[in-house]
file work-v5.cif (mmCIF, N, CA, C and O atoms)
data_work
#
loop_
_atom_site.label_atom_id
_atom_site.label_comp_id
_atom_site.auth_asym_id
_atom_site.auth_seq_id
_atom_site.Cartn_x
_atom_site.Cartn_y
_atom_site.Cartn_z
N MET A 1231 5.04 11.44 -9.27
CA MET A 1231 5.07 11.58 -7.83
C MET A 1231 3.73 12.07 -7.30
O MET A 1231 3.29 11.62 -6.27
N LYS A 1232 3.10 13.01 -8.05
CA LYS A 1232 1.79 13.50 -7.63
C LYS A 1232 0.78 12.36 -7.59
O LYS A 1232 -0.02 12.28 -6.68
N ALA A 1233 0.85 11.49 -8.60
CA ALA A 1233 -0.08 10.36 -8.65
C ALA A 1233 0.09 9.45 -7.43
O ALA A 1233 -0.89 8.97 -6.86
N LEU A 1234 1.33 9.25 -7.03
CA LEU A 1234 1.59 8.42 -5.86
C LEU A 1234 1.01 9.06 -4.60
O LEU A 1234 0.38 8.38 -3.79
N LEU A 1235 1.20 10.35 -4.46
CA LEU A 1235 0.67 11.04 -3.27
C LEU A 1235 -0.85 11.01 -3.26
O LEU A 1235 -1.47 10.82 -2.20
N ILE A 1236 -1.47 11.16 -4.40
CA ILE A 1236 -2.93 11.09 -4.49
C ILE A 1236 -3.40 9.68 -4.14
O ILE A 1236 -4.35 9.50 -3.38
N ALA A 1237 -2.70 8.69 -4.68
CA ALA A 1237 -3.07 7.30 -4.38
C ALA A 1237 -2.91 7.01 -2.90
O ALA A 1237 -3.75 6.35 -2.29
N LEU A 1238 -1.84 7.50 -2.30
CA LEU A 1238 -1.64 7.28 -0.86
C LEU A 1238 -2.71 7.98 -0.03
O LEU A 1238 -3.15 7.46 0.99
N ALA A 1239 -3.13 9.16 -0.47
CA ALA A 1239 -4.21 9.85 0.23
C ALA A 1239 -5.49 9.03 0.17
O ALA A 1239 -6.21 8.91 1.17
N PHE A 1240 -5.75 8.44 -0.98
CA PHE A 1240 -6.93 7.59 -1.12
C PHE A 1240 -6.81 6.37 -0.22
O PHE A 1240 -7.77 5.98 0.44
N VAL A 1241 -5.62 5.78 -0.18
CA VAL A 1241 -5.38 4.61 0.66
C VAL A 1241 -5.62 4.96 2.13
O VAL A 1241 -6.25 4.21 2.87
N CYS A 1242 -5.14 6.12 2.55
CA CYS A 1242 -5.32 6.56 3.94
C CYS A 1242 -6.81 6.69 4.26
O CYS A 1242 -7.26 6.25 5.31
N ALA A 1243 -7.55 7.30 3.38
CA ALA A 1243 -8.98 7.50 3.61
C ALA A 1243 -9.71 6.17 3.64
O ALA A 1243 -10.57 5.94 4.49
N ALA A 1244 -9.36 5.30 2.73
CA ALA A 1244 -10.06 4.01 2.65
C ALA A 1244 -9.70 3.10 3.81
O ALA A 1244 -10.55 2.36 4.30
N SER A 1245 -8.46 3.14 4.26
CA SER A 1245 -8.05 2.23 5.33
C SER A 1245 -8.74 2.56 6.64
O SER A 1245 -9.00 1.68 7.44
N SER A 1246 -9.03 3.81 6.87
CA SER A 1246 -9.69 4.17 8.11
C SER A 1246 -11.14 3.74 8.10
O SER A 1246 -11.78 3.63 9.15
N ALA A 1247 -11.68 3.46 6.92
CA ALA A 1247 -13.08 3.07 6.81
C ALA A 1247 -13.23 1.59 6.48
O ALA A 1247 -14.32 1.15 6.14
N HIS A 1248 -12.15 0.79 6.60
CA HIS A 1248 -12.26 -0.60 6.18
C HIS A 1248 -13.23 -1.40 7.01
O HIS A 1248 -13.73 -2.43 6.56
N ALA A 1249 -13.55 -0.95 8.20
CA ALA A 1249 -14.51 -1.67 9.04
C ALA A 1249 -15.90 -1.68 8.43
O ALA A 1249 -16.68 -2.59 8.66
N SER A 1250 -16.22 -0.70 7.63
CA SER A 1250 -17.55 -0.62 7.04
C SER A 1250 -17.61 -1.17 5.62
O SER A 1250 -18.63 -1.08 4.97
N LEU A 1251 -16.53 -1.75 5.13
CA LEU A 1251 -16.50 -2.29 3.78
C LEU A 1251 -16.99 -3.73 3.75
O LEU A 1251 -16.80 -4.48 4.71
N SER A 1252 -17.58 -4.12 2.64
CA SER A 1252 -18.01 -5.51 2.47
C SER A 1252 -16.78 -6.37 2.20
O SER A 1252 -15.69 -5.87 1.92
N CYS A 1253 -16.99 -7.68 2.24
CA CYS A 1253 -15.87 -8.59 1.99
C CYS A 1253 -15.30 -8.39 0.59
O CYS A 1253 -14.09 -8.39 0.40
N GLY A 1254 -16.17 -8.22 -0.39
CA GLY A 1254 -15.71 -7.99 -1.76
C GLY A 1254 -14.90 -6.71 -1.87
O GLY A 1254 -13.88 -6.67 -2.57
N GLN A 1255 -15.34 -5.67 -1.18
CA GLN A 1255 -14.60 -4.41 -1.19
C GLN A 1255 -13.26 -4.55 -0.49
O GLN A 1255 -12.26 -3.97 -0.92
N LEU A 1256 -13.23 -5.32 0.60
CA LEU A 1256 -11.97 -5.55 1.30
C LEU A 1256 -10.97 -6.29 0.41
O LEU A 1256 -9.80 -5.94 0.37
N VAL A 1257 -11.47 -7.29 -0.32
CA VAL A 1257 -10.59 -8.05 -1.21
C VAL A 1257 -10.07 -7.14 -2.32
O VAL A 1257 -8.89 -7.18 -2.66
N SER A 1258 -10.93 -6.30 -2.87
CA SER A 1258 -10.50 -5.35 -3.91
C SER A 1258 -9.48 -4.37 -3.36
O SER A 1258 -8.49 -4.05 -4.03
N TYR A 1259 -9.71 -3.91 -2.16
CA TYR A 1259 -8.79 -2.97 -1.53
C TYR A 1259 -7.44 -3.63 -1.27
O TYR A 1259 -6.38 -3.04 -1.50
N LYS A 1260 -7.47 -4.89 -0.83
CA LYS A 1260 -6.23 -5.63 -0.60
C LYS A 1260 -5.44 -5.76 -1.90
O LYS A 1260 -4.22 -5.59 -1.92
N THR A 1261 -6.14 -6.04 -2.99
CA THR A 1261 -5.49 -6.15 -4.31
C THR A 1261 -4.89 -4.82 -4.72
O THR A 1261 -3.76 -4.76 -5.23
N LYS A 1262 -5.62 -3.73 -4.46
CA LYS A 1262 -5.11 -2.40 -4.80
C LYS A 1262 -3.84 -2.09 -3.99
O LYS A 1262 -2.87 -1.56 -4.52
N LEU A 1263 -3.85 -2.44 -2.71
CA LEU A 1263 -2.67 -2.23 -1.87
C LEU A 1263 -1.49 -3.05 -2.38
O LEU A 1263 -0.36 -2.55 -2.44
N ALA A 1264 -1.74 -4.30 -2.77
CA ALA A 1264 -0.67 -5.15 -3.30
C ALA A 1264 -0.08 -4.54 -4.57
O ALA A 1264 1.14 -4.55 -4.75
N ASN A 1265 -0.95 -4.01 -5.43
CA ASN A 1265 -0.46 -3.37 -6.66
C ASN A 1265 0.38 -2.14 -6.35
O ASN A 1265 1.42 -1.91 -6.98
N GLU A 1266 -0.05 -1.34 -5.38
CA GLU A 1266 0.71 -0.16 -4.98
C GLU A 1266 2.07 -0.56 -4.40
O GLU A 1266 3.09 0.06 -4.69
N MET A 1267 2.08 -1.63 -3.59
CA MET A 1267 3.34 -2.10 -3.02
C MET A 1267 4.28 -2.59 -4.11
O MET A 1267 5.48 -2.32 -4.06
N ASN A 1268 3.75 -3.29 -5.11
CA ASN A 1268 4.57 -3.74 -6.23
C ASN A 1268 5.15 -2.56 -6.99
O ASN A 1268 6.32 -2.58 -7.39
N TRP A 1269 4.35 -1.52 -7.21
CA TRP A 1269 4.80 -0.33 -7.92
C TRP A 1269 5.94 0.34 -7.15
O TRP A 1269 6.96 0.71 -7.73
N ILE A 1270 5.76 0.47 -5.85
CA ILE A 1270 6.80 1.10 -5.02
C ILE A 1270 8.06 0.23 -5.01
O ILE A 1270 9.18 0.75 -5.09
N ARG A 1271 7.89 -1.09 -4.92
CA ARG A 1271 9.04 -2.00 -4.95
C ARG A 1271 9.85 -1.80 -6.23
O ARG A 1271 11.08 -1.78 -6.21
N GLU A 1272 9.14 -1.68 -7.36
CA GLU A 1272 9.81 -1.45 -8.63
C GLU A 1272 10.56 -0.12 -8.63
O GLU A 1272 11.69 -0.03 -9.11
N LYS A 1273 9.94 0.92 -8.08
CA LYS A 1273 10.60 2.22 -7.99
C LYS A 1273 11.84 2.13 -7.11
O LYS A 1273 12.86 2.76 -7.39
N MET A 1274 11.78 1.35 -6.04
CA MET A 1274 12.92 1.18 -5.15
C MET A 1274 14.07 0.51 -5.89
O MET A 1274 15.24 0.88 -5.71
N ARG A 1275 13.76 -0.47 -6.74
CA ARG A 1275 14.80 -1.15 -7.50
C ARG A 1275 15.46 -0.23 -8.52
O ARG A 1275 16.64 -0.38 -8.82
N GLN A 1276 14.68 0.70 -9.08
CA GLN A 1276 15.17 1.56 -10.15
C GLN A 1276 15.99 2.75 -9.67
O GLN A 1276 16.81 3.27 -10.42
N THR A 1277 15.77 3.19 -8.45
CA THR A 1277 16.42 4.43 -8.01
C THR A 1277 17.81 4.19 -7.45
O THR A 1277 18.10 3.15 -6.88
N ARG A 1278 18.63 5.18 -7.66
CA ARG A 1278 19.97 5.20 -7.07
C ARG A 1278 20.08 6.34 -6.05
O ARG A 1278 21.08 6.47 -5.37
N ASN A 1279 19.03 7.12 -5.95
CA ASN A 1279 19.00 8.28 -5.07
C ASN A 1279 18.59 7.82 -3.67
O ASN A 1279 17.50 7.29 -3.48
N SER A 1280 19.43 8.04 -2.69
CA SER A 1280 19.16 7.56 -1.34
C SER A 1280 17.95 8.25 -0.70
O SER A 1280 17.22 7.62 0.08
N ASP A 1281 17.73 9.51 -1.02
CA ASP A 1281 16.56 10.21 -0.46
C ASP A 1281 15.26 9.61 -1.00
O ASP A 1281 14.30 9.40 -0.26
N LYS A 1282 15.24 9.36 -2.31
CA LYS A 1282 14.06 8.74 -2.91
C LYS A 1282 13.85 7.34 -2.36
O LYS A 1282 12.73 6.93 -2.08
N LEU A 1283 14.94 6.61 -2.20
CA LEU A 1283 14.84 5.26 -1.68
C LEU A 1283 14.24 5.26 -0.28
O LEU A 1283 13.37 4.45 0.04
N GLU A 1284 14.68 6.18 0.54
CA GLU A 1284 14.14 6.28 1.89
C GLU A 1284 12.65 6.63 1.87
O GLU A 1284 11.86 6.06 2.62
N LEU A 1285 12.26 7.54 0.99
CA LEU A 1285 10.85 7.89 0.84
C LEU A 1285 10.04 6.68 0.41
O LEU A 1285 8.98 6.39 0.98
N TYR A 1286 10.54 5.95 -0.58
CA TYR A 1286 9.83 4.76 -1.05
C TYR A 1286 9.73 3.71 0.05
O TYR A 1286 8.70 3.04 0.19
N MET A 1287 10.78 3.54 0.82
CA MET A 1287 10.75 2.57 1.91
C MET A 1287 9.70 2.93 2.95
O MET A 1287 8.96 2.07 3.44
N ASP A 1288 9.62 4.21 3.30
CA ASP A 1288 8.61 4.66 4.26
C ASP A 1288 7.20 4.42 3.72
O ASP A 1288 6.32 3.94 4.45
N GLN A 1289 7.00 4.72 2.45
CA GLN A 1289 5.68 4.52 1.84
C GLN A 1289 5.35 3.04 1.78
O GLN A 1289 4.20 2.64 2.04
N TYR A 1290 6.33 2.23 1.46
CA TYR A 1290 6.10 0.78 1.40
C TYR A 1290 5.71 0.23 2.77
O TYR A 1290 4.77 -0.57 2.89
N GLU A 1291 6.43 0.66 3.80
CA GLU A 1291 6.12 0.19 5.16
C GLU A 1291 4.70 0.56 5.56
O GLU A 1291 3.98 -0.24 6.18
N GLU A 1292 4.29 1.77 5.22
CA GLU A 1292 2.93 2.22 5.55
C GLU A 1292 1.89 1.38 4.80
O GLU A 1292 0.89 0.95 5.38
N LEU A 1293 2.13 1.16 3.53
CA LEU A 1293 1.20 0.35 2.74
C LEU A 1293 1.16 -1.09 3.25
O LEU A 1293 0.10 -1.70 3.31
N TYR A 1294 2.31 -1.62 3.62
CA TYR A 1294 2.36 -2.99 4.11
C TYR A 1294 1.58 -3.14 5.42
O TYR A 1294 0.87 -4.14 5.61
N ALA A 1295 1.66 -2.16 6.29
CA ALA A 1295 0.88 -2.20 7.54
C ALA A 1295 -0.61 -2.19 7.23
O ALA A 1295 -1.39 -2.94 7.84
N ARG A 1296 -1.02 -1.38 6.27
CA ARG A 1296 -2.42 -1.35 5.87
C ARG A 1296 -2.84 -2.67 5.23
O ARG A 1296 -3.93 -3.17 5.48
N TYR A 1297 -1.96 -3.23 4.43
CA TYR A 1297 -2.22 -4.52 3.79
C TYR A 1297 -2.46 -5.59 4.86
O TYR A 1297 -3.40 -6.39 4.75
N GLN A 1298 -1.62 -5.61 5.87
CA GLN A 1298 -1.78 -6.58 6.95
C GLN A 1298 -3.09 -6.39 7.69
O GLN A 1298 -3.76 -7.36 8.05
N ASN A 1299 -3.49 -5.13 7.94
CA ASN A 1299 -4.75 -4.86 8.61
C ASN A 1299 -5.94 -5.34 7.79
O ASN A 1299 -6.88 -5.92 8.33
N VAL A 1300 -5.89 -5.09 6.48
CA VAL A 1300 -6.98 -5.54 5.62
C VAL A 1300 -7.01 -7.06 5.56
O VAL A 1300 -8.07 -7.67 5.63
N ASP A 1301 -5.85 -7.67 5.47
CA ASP A 1301 -5.77 -9.13 5.46
C ASP A 1301 -6.36 -9.71 6.74
O ASP A 1301 -7.11 -10.69 6.70
N LYS A 1302 -6.04 -9.10 7.85
CA LYS A 1302 -6.57 -9.55 9.14
C LYS A 1302 -8.10 -9.39 9.18
O LYS A 1302 -8.81 -10.27 9.65
N ALA A 1303 -8.59 -8.27 8.65
CA ALA A 1303 -10.04 -8.02 8.62
C ALA A 1303 -10.74 -9.05 7.74
O ALA A 1303 -11.81 -9.56 8.09
N ILE A 1304 -10.14 -9.40 6.61
CA ILE A 1304 -10.72 -10.39 5.72
C ILE A 1304 -10.76 -11.74 6.42
O ILE A 1304 -11.79 -12.44 6.38
N LYS A 1305 -9.68 -12.11 7.07
CA LYS A 1305 -9.62 -13.42 7.74
C LYS A 1305 -10.62 -13.51 8.90
O LYS A 1305 -11.21 -14.56 9.14
N SER A 1306 -10.83 -12.40 9.59
CA SER A 1306 -11.73 -12.46 10.74
C SER A 1306 -13.20 -12.22 10.37
O SER A 1306 -14.09 -12.80 10.99
N ASP A 1307 -13.47 -11.42 9.35
CA ASP A 1307 -14.84 -11.04 9.04
C ASP A 1307 -15.45 -11.76 7.84
O ASP A 1307 -16.66 -11.75 7.69
N CYS A 1308 -14.63 -12.35 7.00
CA CYS A 1308 -15.14 -12.86 5.73
C CYS A 1308 -15.03 -14.37 5.58
O CYS A 1308 -15.21 -14.89 4.48
N GLN A 1309 -14.69 -15.07 6.63
CA GLN A 1309 -14.58 -16.53 6.48
C GLN A 1309 -15.42 -17.26 7.48
O GLN A 1309 -16.01 -16.83 8.32
#

call {"tool": "encode", "arguments": {"input": "work-v5.cif", "output": "structure tokens"}}
result
Amino acid sequence: MKALLIALAFVCAASSAHASLSCGQLVSYKTKLANEMNWIREKMRQTRNSDKLELYMDQYEELYARYQNVDKAIKSDCQ
């Protein structure tokens, strides 16, 4: 759980600075977000605890919004 919180903190910091990232960095960041979303999806499938599930769903939604923003930035700035 600590690792997830640290990763999310990194994601938060990086997403606010995505405007200054190169196209290669944006693509790498998008891949990292996709991997985090996959990890959370797997955790959601494994848990039976409703509190944990709700936490994972909130984290997934936040990551997905960031993923969409990065995808939009790539489409507008890198093509």

call {"tool": "resolve_selection", "arguments": {"input": "work-v5.cif", "expression": "the PyMOL selection byres (((chain A and resi 1258-1261 and name CA) around 10) and name CA)", "output": "PDB file with N, CA, C and O atoms, in the coordinates of the input"}}
result
ATOM      1  N   VAL A1241      -5.620   5.780  -0.180  1.00  0.00           N
ATOM      2  CA  VAL A1241      -5.380   4.610   0.660  1.00  0.00           C
ATOM      3  C   VAL A1241      -5.620   4.960   2.130  1.00  0.00           C
ATOM      4  O   VAL A1241      -6.250   4.210   2.870  1.00  0.00           O
ATOM      5  N   ALA A1244      -9.360   5.300   2.730  1.00  0.00           N
ATOM      6  CA  ALA A1244     -10.060   4.010   2.650  1.00  0.00           C
ATOM      7  C   ALA A1244      -9.700   3.100   3.810  1.00  0.00           C
ATOM      8  O   ALA A1244     -10.550   2.360   4.300  1.00  0.00           O
ATOM      9  N   SER A1245      -8.460   3.140   4.260  1.00  0.00           N
ATOM     10  CA  SER A1245      -8.050   2.230   5.330  1.00  0.00           C
ATOM     11  C   SER A1245      -8.740   2.560   6.640  1.00  0.00           C
ATOM     12  O   SER A1245      -9.000   1.680   7.440  1.00  0.00           O
ATOM     13  N   HIS A1248     -12.150   0.790   6.600  1.00  0.00           N
ATOM     14  CA  HIS A1248     -12.260  -0.600   6.180  1.00  0.00           C
ATOM     15  C   HIS A1248     -13.230  -1.400   7.010  1.00  0.00           C
ATOM     16  O   HIS A1248     -13.730  -2.430   6.560  1.00  0.00           O
ATOM     17  N   LEU A1251     -16.530  -1.750   5.130  1.00  0.00           N
ATOM     18  CA  LEU A1251     -16.500  -2.290   3.780  1.00  0.00           C
ATOM     19  C   LEU A1251     -16.990  -3.730   3.750  1.00  0.00           C
ATOM     20  O   LEU A1251     -16.800  -4.480   4.710  1.00  0.00           O
ATOM     21  N   SER A1252     -17.580  -4.120   2.640  1.00  0.00           N
ATOM     22  CA  SER A1252     -18.010  -5.510   2.470  1.00  0.00           C
ATOM     23  C   SER A1252     -16.780  -6.370   2.200  1.00  0.00           C
ATOM     24  O   SER A1252     -15.690  -5.870   1.920  1.00  0.00           O
ATOM     25  N   CYS A1253     -16.990  -7.680   2.240  1.00  0.00           N
ATOM     26  CA  CYS A1253     -15.870  -8.590   1.990  1.00  0.00           C
ATOM     27  C   CYS A1253     -15.300  -8.390   0.590  1.00  0.00           C
ATOM     28  O   CYS A1253     -14.090  -8.390   0.400  1.00  0.00           O
ATOM     29  N   GLY A1254     -16.170  -8.220  -0.390  1.00  0.00           N
ATOM     30  CA  GLY A1254     -15.710  -7.990  -1.760  1.00  0.00           C
ATOM     31  C   GLY A1254     -14.900  -6.710  -1.870  1.00  0.00           C
ATOM     32  O   GLY A1254     -13.880  -6.670  -2.570  1.00  0.00           O
ATOM     33  N   GLN A1255     -15.340  -5.670  -1.180  1.00  0.00           N
ATOM     34  CA  GLN A1255     -14.600  -4.410  -1.190  1.00  0.00           C
ATOM     35  C   GLN A1255     -13.260  -4.550  -0.490  1.00  0.00           C
ATOM     36  O   GLN A1255     -12.260  -3.970  -0.920  1.00  0.00           O
ATOM     37  N   LEU A1256     -13.230  -5.320   0.600  1.00  0.00           N
ATOM     38  CA  LEU A1256     -11.970  -5.550   1.300  1.00  0.00           C
ATOM     39  C   LEU A1256     -10.970  -6.290   0.410  1.00  0.00           C
ATOM     40  O   LEU A1256      -9.800  -5.940   0.370  1.00  0.00           O
ATOM     41  N   VAL A1257     -11.470  -7.290  -0.320  1.00  0.00           N
ATOM     42  CA  VAL A1257     -10.590  -8.050  -1.210  1.00  0.00           C
ATOM     43  C   VAL A1257     -10.070  -7.140  -2.320  1.00  0.00           C
ATOM     44  O   VAL A1257      -8.890  -7.180  -2.660  1.00  0.00           O
ATOM     45  N   LYS A1262      -5.620  -3.730  -4.460  1.00  0.00           N
ATOM     46  CA  LYS A1262      -5.110  -2.400  -4.800  1.00  0.00           C
ATOM     47  C   LYS A1262      -3.840  -2.090  -3.990  1.00  0.00           C
ATOM     48  O   LYS A1262      -2.870  -1.560  -4.520  1.00  0.00           O
ATOM     49  N   LEU A1263      -3.850  -2.440  -2.710  1.00  0.00           N
ATOM     50  CA  LEU A1263      -2.670  -2.230  -1.870  1.00  0.00           C
ATOM     51  C   LEU A1263      -1.490  -3.050  -2.380  1.00  0.00           C
ATOM     52  O   LEU A1263      -0.360  -2.550  -2.440  1.00  0.00           O
ATOM     53  N   ALA A1264      -1.740  -4.300  -2.770  1.00  0.00           N
ATOM     54  CA  ALA A1264      -0.670  -5.150  -3.300  1.00  0.00           C
ATOM     55  C   ALA A1264      -0.080  -4.540  -4.570  1.00  0.00           C
ATOM     56  O   ALA A1264       1.140  -4.550  -4.750  1.00  0.00           O
ATOM     57  N   ASN A1265      -0.950  -4.010  -5.430  1.00  0.00           N
ATOM     58  CA  ASN A1265      -0.460  -3.370  -6.660  1.00  0.00           C
ATOM     59  C   ASN A1265       0.380  -2.140  -6.350  1.00  0.00           C
ATOM     60  O   ASN A1265       1.420  -1.910  -6.980  1.00  0.00           O
ATOM     61  N   GLU A1266      -0.050  -1.340  -5.380  1.00  0.00           N
ATOM     62  CA  GLU A1266       0.710  -0.160  -4.980  1.00  0.00           C
ATOM     63  C   GLU A1266       2.070  -0.560  -4.400  1.00  0.00           C
ATOM     64  O   GLU A1266       3.090   0.060  -4.690  1.00  0.00           O
ATOM     65  N   MET A1267       2.080  -1.630  -3.590  1.00  0.00           N
ATOM     66  CA  MET A1267       3.340  -2.100  -3.020  1.00  0.00           C
ATOM     67  C   MET A1267       4.280  -2.590  -4.110  1.00  0.00           C
ATOM     68  O   MET A1267       5.480  -2.320  -4.060  1.00  0.00           O
ATOM     69  N   ARG A1296      -1.020  -1.380   6.270  1.00  0.00           N
ATOM     70  CA  ARG A1296      -2.420  -1.350   5.870  1.00  0.00           C
ATOM     71  C   ARG A1296      -2.840  -2.670   5.230  1.00  0.00           C
ATOM     72  O   ARG A1296      -3.930  -3.170   5.480  1.00  0.00           O
ATOM     73  N   TYR A1297      -1.960  -3.230   4.430  1.00  0.00           N
ATOM     74  CA  TYR A1297      -2.220  -4.520   3.790  1.00  0.00           C
ATOM     75  C   TYR A1297      -2.460  -5.590   4.860  1.00  0.00           C
ATOM     76  O   TYR A1297      -3.400  -6.390   4.750  1.00  0.00           O
ATOM     77  N   GLN A1298      -1.620  -5.610   5.870  1.00  0.00           N
ATOM     78  CA  GLN A1298      -1.780  -6.580   6.950  1.00  0.00           C
ATOM     79  C   GLN A1298      -3.090  -6.390   7.690  1.00  0.00           C
ATOM     80  O   GLN A1298      -3.760  -7.360   8.050  1.00  0.00           O
ATOM     81  N   ASN A1299      -3.490  -5.130   7.940  1.00  0.00           N
ATOM     82  CA  ASN A1299      -4.750  -4.860   8.610  1.00  0.00           C
ATOM     83  C   ASN A1299      -5.940  -5.340   7.790  1.00  0.00           C
ATOM     84  O   ASN A1299      -6.880  -5.920   8.330  1.00  0.00           O
ATOM     85  N   VAL A1300      -5.890  -5.090   6.480  1.00  0.00           N
ATOM     86  CA  VAL A1300      -6.980  -5.540   5.620  1.00  0.00           C
ATOM     87  C   VAL A1300      -7.010  -7.060   5.560  1.00  0.00           C
ATOM     88  O   VAL A1300      -8.070  -7.670   5.630  1.00  0.00           O
ATOM     89  N   ASP A1301      -5.850  -7.670   5.470  1.00  0.00           N
ATOM     90  CA  ASP A1301      -5.770  -9.130   5.460  1.00  0.00           C
ATOM     91  C   ASP A1301      -6.360  -9.710   6.740  1.00  0.00           C
ATOM     92  O   ASP A1301      -7.110 -10.690   6.700  1.00  0.00           O
ATOM     93  N   ILE A1304     -10.140  -9.400   6.610  1.00  0.00           N
ATOM     94  CA  ILE A1304     -10.720 -10.390   5.720  1.00  0.00           C
ATOM     95  C   ILE A1304     -10.760 -11.740   6.420  1.00  0.00           C
ATOM     96  O   ILE A1304     -11.790 -12.440   6.380  1.00  0.00           O
TER      97      ILE A1304
END

call {"tool": "atom_distance", "arguments": {"input": "work-v5.cif", "atom1": "atom CA of Glu1272 of chain A", "atom2": "atom CA of Glu1292 of chain A"}}
result
16.2 Å

call {"tool": "atom_distance", "arguments": {"input": "work-v5.cif", "atom1": "atom O of Lys1302 of chain A", "atom2": "atom C of Ser1250 of chain A"}}
result
13.3 Å

call {"tool": "atom_distance", "arguments": {"input": "work-v5.cif", "atom1": "atom N of Asn1268 of chain A", "atom2": "atom CA of Lys1282 of chain A"}}
result
16.0 Å

call {"tool": "residues_around", "arguments": {"input": "work-v5.cif", "residues": "Leu1285 of chain A", "least_positions_apart": "3", "cutoff": "12 Å", "atoms": "only C-alpha atoms", "output": "list in words"}}
result
Met1231, Leu1234, Leu1235, Ile1270, Arg1271, Lys1273, Met1274, Thr1277, Asn1279, Ser1280, Asp1281, Lys1282, Asp1288, Gln1289, Tyr1290, Glu1291 and Glu1292 of chain A
